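Note sheet for the following structure.
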Amino acid sequence: MRVFRFGRMIALGNLGDFSVSRIERVEVRKRGFFGMVFWLMFLAFNALMALWLVFTIKSASDQFQATSDAASQAGTAVGGTIATGVLLWIWVFGDIILGLLVMLSRGRKVTIERTIN
C-alpha cells in the first residue's frame, strides 16, 4: 500500500484502488487555574463596569431632572459627561490590562488530528 500526500489530502491504497481521506487539524487551548481566574476577573470587571456606567448615567439624569435652575442643569450635564468619560477611560485601561493577562494565560496549544474518510 502506498501513501500519497497532496497538501492536506492523503490518498491511501494501491495503484488501482484509491480511497481518499482528509485530515482535519484542530488547535485547542486548555486554561490552567490562573488562566481561569484571570478570565473570570475579566468577565466580572466588564459586568461591573457596565452596571457602574448605567447607574452613573441614571443618577446624572435624575439629578438633571430634579433641578429647575438652568445653571444647575448645565453643571449637572457637564459633571455627568465628565464622570461618564472618566468611567469609560477606566474601563478601557482595565480591559487592556486584564485582556493581556487573559491572553498570556491561555495555556499551551494542543493540535488534535483526525482522519475523515
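By convention in this document, the chains of the C-alpha cells carry letters A, B, ... by their order, each chain's residues are numbered from 1, and ligands are numbered from 1 in the order they are shown.
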DSSP strand (DSSP E or B) selection over chain A, as a ChimeraX atom specification: /A:2-6,9-13,18-29,109-116
Now that the selection is made, can you save its residues with N, CA and C atoms as a PDB file, in the first residue's frame?
ATOM      1  N   ARG A   2       0.574   2.198  -0.787  1.00  0.00           N
ATOM      2  CA  ARG A   2       1.326   3.428  -0.882  1.00  0.00           C
ATOM      3  C   ARG A   2       0.535   4.577  -0.266  1.00  0.00           C
ATOM      4  N   VAL A   3       1.276   5.534   0.262  1.00  0.00           N
ATOM      5  CA  VAL A   3       0.660   6.736   0.819  1.00  0.00           C
ATOM      6  C   VAL A   3       1.091   7.900  -0.046  1.00  0.00           C
ATOM      7  N   PHE A   4       0.108   8.605  -0.584  1.00  0.00           N
ATOM      8  CA  PHE A   4       0.368   9.764  -1.424  1.00  0.00           C
ATOM      9  C   PHE A   4      -0.134  11.002  -0.686  1.00  0.00           C
ATOM     10  N   ARG A   5       0.742  11.998  -0.526  1.00  0.00           N
ATOM     11  CA  ARG A   5       0.346  13.226   0.175  1.00  0.00           C
ATOM     12  C   ARG A   5       0.163  14.352  -0.843  1.00  0.00           C
ATOM     13  N   PHE A   6      -0.993  14.969  -0.785  1.00  0.00           N
ATOM     14  CA  PHE A   6      -1.303  16.121  -1.637  1.00  0.00           C
ATOM     15  C   PHE A   6      -1.738  17.260  -0.726  1.00  0.00           C
ATOM     16  N   MET A   9      -4.453  16.545   1.850  1.00  0.00           N
ATOM     17  CA  MET A   9      -5.175  15.331   1.451  1.00  0.00           C
ATOM     18  C   MET A   9      -4.197  14.157   1.396  1.00  0.00           C
ATOM     19  N   ILE A  10      -4.639  13.000   1.821  1.00  0.00           N
ATOM     20  CA  ILE A  10      -3.822  11.793   1.774  1.00  0.00           C
ATOM     21  C   ILE A  10      -4.620  10.729   1.033  1.00  0.00           C
ATOM     22  N   ALA A  11      -3.991  10.131   0.068  1.00  0.00           N
ATOM     23  CA  ALA A  11      -4.616   9.048  -0.669  1.00  0.00           C
ATOM     24  C   ALA A  11      -3.964   7.747  -0.226  1.00  0.00           C
ATOM     25  N   LEU A  12      -4.770   6.811   0.247  1.00  0.00           N
ATOM     26  CA  LEU A  12      -4.272   5.514   0.679  1.00  0.00           C
ATOM     27  C   LEU A  12      -4.762   4.459  -0.311  1.00  0.00           C
ATOM     28  N   GLY A  13      -3.907   3.536  -0.631  1.00  0.00           N
ATOM     29  CA  GLY A  13      -4.367   2.457  -1.495  1.00  0.00           C
ATOM     30  C   GLY A  13      -3.301   1.998  -2.457  1.00  0.00           C
ATOM     31  N   PHE A  18      -7.882   3.607  -4.949  1.00  0.00           N
ATOM     32  CA  PHE A  18      -7.618   4.778  -4.117  1.00  0.00           C
ATOM     33  C   PHE A  18      -8.824   5.047  -3.232  1.00  0.00           C
ATOM     34  N   SER A  19      -8.573   5.274  -1.968  1.00  0.00           N
ATOM     35  CA  SER A  19      -9.591   5.828  -1.087  1.00  0.00           C
ATOM     36  C   SER A  19      -9.002   7.093  -0.504  1.00  0.00           C
ATOM     37  N   VAL A  20      -9.685   8.192  -0.716  1.00  0.00           N
ATOM     38  CA  VAL A  20      -9.154   9.487  -0.314  1.00  0.00           C
ATOM     39  C   VAL A  20      -9.750   9.854   1.043  1.00  0.00           C
ATOM     40  N   SER A  21      -8.865  10.233   1.942  1.00  0.00           N
ATOM     41  CA  SER A  21      -9.330  10.697   3.248  1.00  0.00           C
ATOM     42  C   SER A  21      -8.738  12.066   3.511  1.00  0.00           C
ATOM     43  N   ARG A  22      -9.399  12.791   4.351  1.00  0.00           N
ATOM     44  CA  ARG A  22      -8.989  14.155   4.648  1.00  0.00           C
ATOM     45  C   ARG A  22      -8.570  14.227   6.112  1.00  0.00           C
ATOM     46  N   ILE A  23      -7.476  14.922   6.382  1.00  0.00           N
ATOM     47  CA  ILE A  23      -7.006  15.101   7.751  1.00  0.00           C
ATOM     48  C   ILE A  23      -7.437  16.482   8.222  1.00  0.00           C
ATOM     49  N   GLU A  24      -8.101  16.507   9.358  1.00  0.00           N
ATOM     50  CA  GLU A  24      -8.550  17.763   9.931  1.00  0.00           C
ATOM     51  C   GLU A  24      -7.742  18.040  11.193  1.00  0.00           C
ATOM     52  N   ARG A  25      -7.164  19.236  11.280  1.00  0.00           N
ATOM     53  CA  ARG A  25      -6.365  19.618  12.439  1.00  0.00           C
ATOM     54  C   ARG A  25      -7.107  20.713  13.207  1.00  0.00           C
ATOM     55  N   VAL A  26      -7.265  20.504  14.495  1.00  0.00           N
ATOM     56  CA  VAL A  26      -7.949  21.460  15.351  1.00  0.00           C
ATOM     57  C   VAL A  26      -6.986  21.868  16.464  1.00  0.00           C
ATOM     58  N   GLU A  27      -6.831  23.166  16.667  1.00  0.00           N
ATOM     59  CA  GLU A  27      -5.970  23.655  17.737  1.00  0.00           C
ATOM     60  C   GLU A  27      -6.842  23.981  18.952  1.00  0.00           C
ATOM     61  N   VAL A  28      -6.479  23.417  20.094  1.00  0.00           N
ATOM     62  CA  VAL A  28      -7.238  23.593  21.325  1.00  0.00           C
ATOM     63  C   VAL A  28      -6.294  24.125  22.397  1.00  0.00           C
ATOM     64  N   ARG A  29      -6.788  25.031  23.209  1.00  0.00           N
ATOM     65  CA  ARG A  29      -6.011  25.540  24.340  1.00  0.00           C
ATOM     66  C   ARG A  29      -6.793  25.260  25.610  1.00  0.00           C
ATOM     67  N   LYS A 109      -0.824  25.301  23.372  1.00  0.00           N
ATOM     68  CA  LYS A 109      -1.610  24.917  22.203  1.00  0.00           C
ATOM     69  C   LYS A 109      -1.434  23.424  21.961  1.00  0.00           C
ATOM     70  N   VAL A 110      -2.554  22.703  21.834  1.00  0.00           N
ATOM     71  CA  VAL A 110      -2.538  21.276  21.553  1.00  0.00           C
ATOM     72  C   VAL A 110      -3.229  21.072  20.209  1.00  0.00           C
ATOM     73  N   THR A 111      -2.557  20.399  19.288  1.00  0.00           N
ATOM     74  CA  THR A 111      -3.131  20.132  17.971  1.00  0.00           C
ATOM     75  C   THR A 111      -3.707  18.724  17.953  1.00  0.00           C
ATOM     76  N   ILE A 112      -4.979  18.624  17.620  1.00  0.00           N
ATOM     77  CA  ILE A 112      -5.661  17.339  17.532  1.00  0.00           C
ATOM     78  C   ILE A 112      -5.898  17.048  16.059  1.00  0.00           C
ATOM     79  N   GLU A 113      -5.442  15.892  15.605  1.00  0.00           N
ATOM     80  CA  GLU A 113      -5.629  15.491  14.221  1.00  0.00           C
ATOM     81  C   GLU A 113      -6.588  14.323  14.164  1.00  0.00           C
ATOM     82  N   ARG A 114      -7.473  14.379  13.185  1.00  0.00           N
ATOM     83  CA  ARG A 114      -8.359  13.235  12.965  1.00  0.00           C
ATOM     84  C   ARG A 114      -8.540  13.057  11.463  1.00  0.00           C
ATOM     85  N   THR A 115      -8.725  11.818  11.059  1.00  0.00           N
ATOM     86  CA  THR A 115      -8.881  11.487   9.653  1.00  0.00           C
ATOM     87  C   THR A 115     -10.363  11.319   9.339  1.00  0.00           C
ATOM     88  N   ILE A 116     -10.808  11.990   8.311  1.00  0.00           N
ATOM     89  CA  ILE A 116     -12.196  11.901   7.879  1.00  0.00           C
ATOM     90  C   ILE A 116     -12.207  11.181   6.543  1.00  0.00           C
TER      91      ILE A 116
END
Selection: 8 Å around range 85-97 of chain A, only C-alpha atoms, excl. self and same-chain fewer than 6 positions, as a ChimeraX atom specification: /A:42,45-46,49,53
For the residues in the current selection, export N, CA, C and O atoms as a compact mmCIF listing (two decimals), in the first residue's frame.
# COMPACT_ATOMS: atom_id res chain seq x y z
N PHE A 42 -11.82 39.13 34.24
CA PHE A 42 -12.11 39.95 33.06
C PHE A 42 -13.61 40.08 32.85
O PHE A 42 -14.14 41.18 32.63
N PHE A 45 -15.16 42.17 35.75
CA PHE A 45 -14.80 43.59 35.60
C PHE A 45 -15.69 44.25 34.55
O PHE A 45 -16.20 45.35 34.77
N ASN A 46 -15.89 43.57 33.41
CA ASN A 46 -16.73 44.16 32.37
C ASN A 46 -18.18 44.30 32.82
O ASN A 46 -18.83 45.30 32.53
N MET A 49 -18.32 47.20 35.39
CA MET A 49 -18.15 48.50 34.74
C MET A 49 -19.41 48.89 33.95
O MET A 49 -19.80 50.07 33.94
N LEU A 53 -21.56 52.19 34.85
CA LEU A 53 -21.82 53.21 33.83
C LEU A 53 -23.32 53.50 33.73
O LEU A 53 -23.74 54.65 33.67
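Taking CA of Val37 in chain A and CA of Leu98 in chain A as the two end points, the separation is 10.7 Å.
Near range 33-36 of chain A, within 8 Å and counting only C-alpha atoms, sit Arg31, Phe38, Trp39, Leu40, Val102, Ser105, Arg106 and Gly107 of chain A; same-chain residues fewer than 2 positions away were not included.
The gap separating CA of Leu43 in chain A from CA of Ala60 in chain A is 26.0 Å, in Å to one decimal.
Distance check against Val54 in chain A using only C-alpha atoms: of A:Gly99, A:Asn117, A:Thr84, A:Gly79, the minimum falls on A:Thr84.
Proximity ranking of A:Gly80, A:Arg108, A:Leu101, A:Gln73 relative to Phe55 in chain A places A:Gly80 first, based on only C-alpha atoms.
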Which of range 39-114 of chain A DSSP labels alpha helix (DSSP H), written as number ranges by chain: A: 39-66, 70-104
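Considering the residues A:Leu104, A:Ala50, A:Ile57, A:Ala66 and counting only C-alpha atoms, Val78 in chain A has its shortest atom-to-atom contact with A:Ile57.
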